[in-house]
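Shown next, in structure tokens, is the structure this report addresses.
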Amino acid sequence: MKTDIDTAWQAILAAAGRGDPAPGALDIGAVLRDRADIDPAAAEMIECLLPLATASEGFVIGQIGQSLDGRICTESGDSHYVNGDAALTHLHRLRALVDCVLVGVGTVVADRPRLTVRRVTGPHPVRAVLDPRGRAPDDVSPLAPEADAPPTLHLVGASCIDRLPAPAAHVRRLPLPEGESGVAPRDVIAALAAVGCRRVLVEGGANTISRFFAEGALDRLHVLVAPLLIGSGRSGLSLPPIQRLCDAARPKMRRYALDEDTLFDVTLSRQS
Ligand SMILES: NC(=O)c1ccc[n+]([C@@H]2O[C@H](COP(=O)([O-])OP(=O)(O)OC[C@H]3O[C@@H](n4cnc5c(N)ncnc54)[C@H](OP(=O)(O)O)[C@@H]3O)[C@@H](O)[C@H]2O)c1
């Protein structure tokens, strides 16, 4: 019988050291020994996700879902959902493989995201909200009190931490150094590493991902392109302008089909 997606996923999770393997689960070595017996979709998933599962500590991946014309939502902020089911499942797999999933405060205000793993088996990551000015509402997910909430970090500027009311029981607030243009992504990564979050998914939104990309703070970027044209609304990545096309970044990249969506798996060279 061919190794299917579920069997391959259990092996990838185990290779990442995330969660207890299901009874009878194969390890990734056993799966790869019989390559001819791997279902093609499972083989693609292994090719795409195993490098992330086995990446060294300090690994940071960004993801952004966008339309063909590079928009992440309409002008009114409607973003549910740009991508299809398979891309959403892929996002949940990324969450399950990291210690921590990070979003900017704009995403919390707009979407109230749960940031948990629900579409696949696997552990929830620690959730983190990057909120240098301390403006995130404390009555919306993931900061609001909730039953069985995964641990959540509220990353705020050192200058505002003392004026904020006490957070919910599952939330730990951490201060970040502030500079003229906000918080440096490398300081965010360092603060997360200091509390044991060494593999990080930066899930959005556009502003947060763009800052991480511009600082060279990402090792990998997953751009999930959906076959729709929104025409206006918020753009995905937004970077400092360049004058000449020859100065454009042309990183190494692989493409994967996720039903109707296309995943661009971009390898970046992180600048330490
Ligand atoms: N398609 C996708 O994959 C995806 C994923 C997530 C979210 N979204 C969408 O993205 C939209 C929100 O995106 P967004 O760009 O507005 O918000 P965002 O990136 O979630 O949050 C941006 C805000 O976070 C703070 N911030 C982030 N990095 C910072 C830094 N290095 N230094 C200082 N402050 C920093 C700033 O807060 P202050 O404004 O307080 O200074 C900034 O305005 C929503 O519509 C959501 O639905 C899409």
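Residue numbering restarts at 1 in every chain; chains get A, B, ... in the order shown in the structure tokens, and ligands count up from 1 in that same order.
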
Sorted by chain and rising residue number, which residues of range 10-94 of chain A lie within 8 Å of range 185-201 of chain A, and what are their closest atom pairs and distances in Å to one decimal, counting only C-alpha atoms, as a tab-separated table?
```
residue	atom	partner	partner_atom	distance
A:Glu57	CA	A:Arg198	CA	5.3
A:Gly58	CA	A:Arg198	CA	4.8
A:Phe59	CA	A:Arg199	CA	4.9
A:Val60	CA	A:Val200	CA	4.8
A:Ile61	CA	A:Leu201	CA	4.9
A:Gly62	CA	A:Leu201	CA	5.7
A:Gln63	CA	A:Leu201	CA	7.4
A:Leu94	CA	A:Leu201	CA	7.3
```

Pull the closest atom pair for each residue of chain A that gets at most 6 Å from ligand 1, along with the distance in Å to one decimal, counting only C-alpha atoms and all ligand atoms, ordering rows by chain and then ascending residue number, as CSV.
```
residue,atom,partner,partner_atom_place_in_ligand_line,distance
A:Ile64,CA,ligand 1,3 (O),3.6
A:Gly65,CA,ligand 1,3 (O),3.7
A:Gln66,CA,ligand 1,1 (N),5.4
A:Ile72,CA,ligand 1,1 (N),4.5
A:Cys73,CA,ligand 1,45 (O),5.8
A:Gly77,CA,ligand 1,45 (O),4.8
A:Ser79,CA,ligand 1,47 (O),5.0
A:Val103,CA,ligand 1,20 (O),5.4
A:Gly104,CA,ligand 1,20 (O),3.3
A:Val105,CA,ligand 1,21 (O),4.4
A:Gly106,CA,ligand 1,17 (O),3.4
A:Thr107,CA,ligand 1,20 (O),3.6
A:Ala110,CA,ligand 1,44 (C),5.2
A:Asp111,CA,ligand 1,47 (O),5.5
A:Leu130,CA,ligand 1,27 (C),5.8
A:Asp131,CA,ligand 1,25 (C),5.3
A:Pro132,CA,ligand 1,34 (N),5.2
A:Arg133,CA,ligand 1,40 (O),4.9
A:Gly182,CA,ligand 1,32 (N),3.7
A:Val183,CA,ligand 1,32 (N),3.8
A:Ala184,CA,ligand 1,31 (N),5.3
A:Pro185,CA,ligand 1,31 (N),5.5
A:Glu203,CA,ligand 1,5 (C),5.5
A:Gly204,CA,ligand 1,6 (C),3.7
A:Gly205,CA,ligand 1,19 (O),3.4
A:Ala206,CA,ligand 1,15 (O),3.8
A:Asn207,CA,ligand 1,15 (O),3.5
A:Thr208,CA,ligand 1,19 (O),3.8
A:Arg211,CA,ligand 1,31 (N),5.8
```

Take the residues that were just selected and, keeping N, CA, C and O atoms, output them as a compact mmCIF listing (two decimals), in the first residue's frame.
```
# COMPACT_ATOMS: atom_id res chain seq x y z
N ILE A 64 2.48 34.21 3.49
CA ILE A 64 1.48 35.21 3.12
C ILE A 64 0.59 34.63 2.03
O ILE A 64 1.08 34.00 1.09
N GLY A 65 -0.72 34.80 2.20
CA GLY A 65 -1.67 34.32 1.21
C GLY A 65 -2.18 35.50 0.41
O GLY A 65 -2.57 36.52 0.98
N GLN A 66 -2.15 35.40 -0.91
CA GLN A 66 -2.53 36.57 -1.72
C GLN A 66 -3.21 36.15 -3.02
O GLN A 66 -3.14 34.99 -3.43
N ILE A 72 -3.99 41.00 -0.35
CA ILE A 72 -4.29 40.08 0.75
C ILE A 72 -5.71 40.27 1.28
O ILE A 72 -6.19 39.47 2.07
N CYS A 73 -6.36 41.35 0.89
CA CYS A 73 -7.75 41.57 1.29
C CYS A 73 -8.34 42.70 0.43
O CYS A 73 -7.62 43.35 -0.33
N GLY A 77 -11.10 45.42 3.91
CA GLY A 77 -10.42 44.53 4.86
C GLY A 77 -10.94 43.10 4.85
O GLY A 77 -10.52 42.28 5.67
N SER A 79 -10.92 39.49 4.16
CA SER A 79 -9.82 38.59 3.78
C SER A 79 -10.18 37.12 3.95
O SER A 79 -9.32 36.26 3.82
N VAL A 103 1.86 37.02 14.94
CA VAL A 103 1.13 37.94 14.05
C VAL A 103 1.28 39.36 14.59
O VAL A 103 1.51 39.57 15.79
N GLY A 104 1.09 40.34 13.70
CA GLY A 104 1.10 41.74 14.11
C GLY A 104 -0.25 42.12 14.70
O GLY A 104 -1.27 41.44 14.49
N VAL A 105 -0.25 43.23 15.41
CA VAL A 105 -1.47 43.69 16.07
C VAL A 105 -2.58 44.00 15.05
O VAL A 105 -3.77 43.82 15.34
N GLY A 106 -2.19 44.42 13.82
CA GLY A 106 -3.22 44.72 12.80
C GLY A 106 -4.06 43.48 12.49
O GLY A 106 -5.28 43.58 12.29
N THR A 107 -3.43 42.34 12.47
CA THR A 107 -4.15 41.08 12.19
C THR A 107 -5.07 40.72 13.36
O THR A 107 -6.20 40.25 13.16
N ALA A 110 -8.06 43.01 13.06
CA ALA A 110 -8.93 42.73 11.90
C ALA A 110 -9.58 41.35 11.99
O ALA A 110 -10.75 41.19 11.64
N ASP A 111 -8.83 40.35 12.45
CA ASP A 111 -9.29 38.96 12.27
C ASP A 111 -9.57 38.21 13.57
O ASP A 111 -10.17 37.14 13.53
N LEU A 130 2.66 40.74 18.10
CA LEU A 130 3.64 41.84 18.08
C LEU A 130 2.88 43.16 18.11
O LEU A 130 2.20 43.52 17.14
N ASP A 131 3.00 43.84 19.24
CA ASP A 131 2.13 45.00 19.50
C ASP A 131 2.94 46.09 20.21
O ASP A 131 2.70 46.40 21.39
N PRO A 132 3.92 46.70 19.49
CA PRO A 132 4.85 47.60 20.17
C PRO A 132 4.17 48.75 20.90
O PRO A 132 4.68 49.23 21.91
N ARG A 133 3.01 49.23 20.40
CA ARG A 133 2.37 50.36 21.09
C ARG A 133 1.31 49.92 22.11
O ARG A 133 0.61 50.73 22.69
N GLY A 182 10.33 51.70 15.07
CA GLY A 182 9.60 50.60 15.70
C GLY A 182 10.55 49.59 16.31
O GLY A 182 11.61 49.95 16.84
N VAL A 183 10.16 48.34 16.22
CA VAL A 183 10.93 47.28 16.86
C VAL A 183 11.69 46.52 15.78
O VAL A 183 11.14 46.23 14.71
N ALA A 184 12.94 46.19 16.05
CA ALA A 184 13.73 45.45 15.05
C ALA A 184 13.32 43.98 15.08
O ALA A 184 13.29 43.37 16.16
N PRO A 185 13.00 43.39 13.92
CA PRO A 185 12.65 41.97 13.90
C PRO A 185 13.66 41.08 14.62
O PRO A 185 13.28 40.12 15.28
N GLU A 203 3.13 34.76 10.59
CA GLU A 203 1.95 34.43 9.77
C GLU A 203 1.33 35.67 9.12
O GLU A 203 0.46 35.57 8.27
N GLY A 204 1.71 36.84 9.54
CA GLY A 204 1.15 38.04 8.92
C GLY A 204 1.03 39.14 9.95
O GLY A 204 1.50 38.99 11.07
N GLY A 205 0.38 40.27 9.57
CA GLY A 205 -0.06 40.55 8.24
C GLY A 205 1.06 41.10 7.37
O GLY A 205 2.25 40.90 7.63
N ALA A 206 0.63 41.86 6.37
CA ALA A 206 1.56 42.35 5.36
C ALA A 206 2.67 43.22 5.96
O ALA A 206 3.84 43.09 5.60
N ASN A 207 2.28 44.08 6.87
CA ASN A 207 3.24 45.01 7.46
C ASN A 207 4.34 44.24 8.22
O ASN A 207 5.54 44.46 8.03
N THR A 208 3.91 43.31 9.03
CA THR A 208 4.87 42.56 9.86
C THR A 208 5.79 41.71 8.98
O THR A 208 7.02 41.73 9.15
N ARG A 211 8.35 43.86 7.12
CA ARG A 211 9.46 44.32 7.96
C ARG A 211 10.47 43.20 8.20
O ARG A 211 11.68 43.42 8.19
```

*asked:* Would you pick out the contacts of Glu260 in chain A at 8 Å or less, using only C-alpha atoms, so that residues sharing its chain but fewer than 6 positions from it are not included, and give the list as a PyMOL selection string?
replied: chain A and resi 84+226-227

Write the residues of the preceding selection, restricted to N, CA, C and O atoms, as a PDB file, in the first residue's frame.
```pdb
ATOM      1  N   GLY A  84      -7.722  28.822  -0.798  1.00  0.00           N
ATOM      2  CA  GLY A  84      -8.637  27.691  -0.695  1.00  0.00           C
ATOM      3  C   GLY A  84      -8.267  26.755   0.451  1.00  0.00           C
ATOM      4  O   GLY A  84      -7.304  26.982   1.193  1.00  0.00           O
ATOM      5  N   ALA A 226      -3.589  32.594  -4.815  1.00  0.00           N
ATOM      6  CA  ALA A 226      -4.909  32.052  -5.164  1.00  0.00           C
ATOM      7  C   ALA A 226      -5.346  32.613  -6.517  1.00  0.00           C
ATOM      8  O   ALA A 226      -5.027  33.763  -6.848  1.00  0.00           O
ATOM      9  N   PRO A 227      -6.089  31.828  -7.290  1.00  0.00           N
ATOM     10  CA  PRO A 227      -6.447  32.275  -8.643  1.00  0.00           C
ATOM     11  C   PRO A 227      -7.645  33.209  -8.636  1.00  0.00           C
ATOM     12  O   PRO A 227      -8.682  32.904  -9.201  1.00  0.00           O
TER      13      PRO A 227
END
```

_as a PyMOL selection string, please: the residues near Asp85 in chain A (cut-off 12 Å, only C-alpha atoms, same-chain neighbours under 4 positions excluded)._
chain A and resi 80-81+89-92+119+224+226+258-261

For the residues in the current selection, export N, CA, C and O atoms as a compact mmCIF listing (two decimals), in the first residue's frame.
```txt
# COMPACT_ATOMS: atom_id res chain seq x y z
N HIS A 80 -11.43 36.84 4.26
CA HIS A 80 -11.81 35.43 4.55
C HIS A 80 -12.61 34.81 3.43
O HIS A 80 -13.77 35.07 3.30
N TYR A 81 -12.06 33.97 2.65
CA TYR A 81 -10.65 33.62 2.64
C TYR A 81 -10.14 33.84 1.23
O TYR A 81 -10.82 33.49 0.26
N THR A 89 -5.04 24.28 4.98
CA THR A 89 -4.49 23.08 5.65
C THR A 89 -2.97 23.18 5.72
O THR A 89 -2.36 22.87 6.76
N HIS A 90 -2.35 23.66 4.64
CA HIS A 90 -0.90 23.84 4.63
C HIS A 90 -0.48 24.79 5.76
O HIS A 90 0.50 24.54 6.47
N LEU A 91 -1.23 25.88 5.93
CA LEU A 91 -0.91 26.84 6.99
C LEU A 91 -0.98 26.17 8.37
O LEU A 91 -0.12 26.39 9.23
N HIS A 92 -1.99 25.32 8.57
CA HIS A 92 -2.08 24.63 9.86
C HIS A 92 -0.91 23.66 10.05
O HIS A 92 -0.43 23.48 11.17
N ARG A 119 -6.85 21.86 11.55
CA ARG A 119 -7.16 21.12 10.31
C ARG A 119 -6.31 19.87 10.14
O ARG A 119 -6.58 19.08 9.24
N LEU A 224 1.39 31.98 -0.87
CA LEU A 224 0.30 31.12 -1.36
C LEU A 224 -0.58 31.96 -2.27
O LEU A 224 -1.29 32.86 -1.81
N ALA A 226 -3.59 32.59 -4.81
CA ALA A 226 -4.91 32.05 -5.16
C ALA A 226 -5.35 32.61 -6.52
O ALA A 226 -5.03 33.76 -6.85
N LEU A 258 -1.41 23.43 -4.68
CA LEU A 258 -2.26 23.08 -3.54
C LEU A 258 -3.70 23.25 -4.03
O LEU A 258 -4.28 24.33 -3.88
N ASP A 259 -4.24 22.22 -4.65
CA ASP A 259 -5.50 22.32 -5.40
C ASP A 259 -5.38 23.49 -6.37
O ASP A 259 -4.46 23.54 -7.15
N GLU A 260 -6.27 24.48 -6.24
CA GLU A 260 -6.24 25.59 -7.22
C GLU A 260 -5.18 26.64 -6.90
O GLU A 260 -4.87 27.48 -7.73
N ASP A 261 -4.67 26.62 -5.69
CA ASP A 261 -3.66 27.61 -5.30
C ASP A 261 -2.26 27.12 -5.66
O ASP A 261 -2.03 25.92 -5.83
```
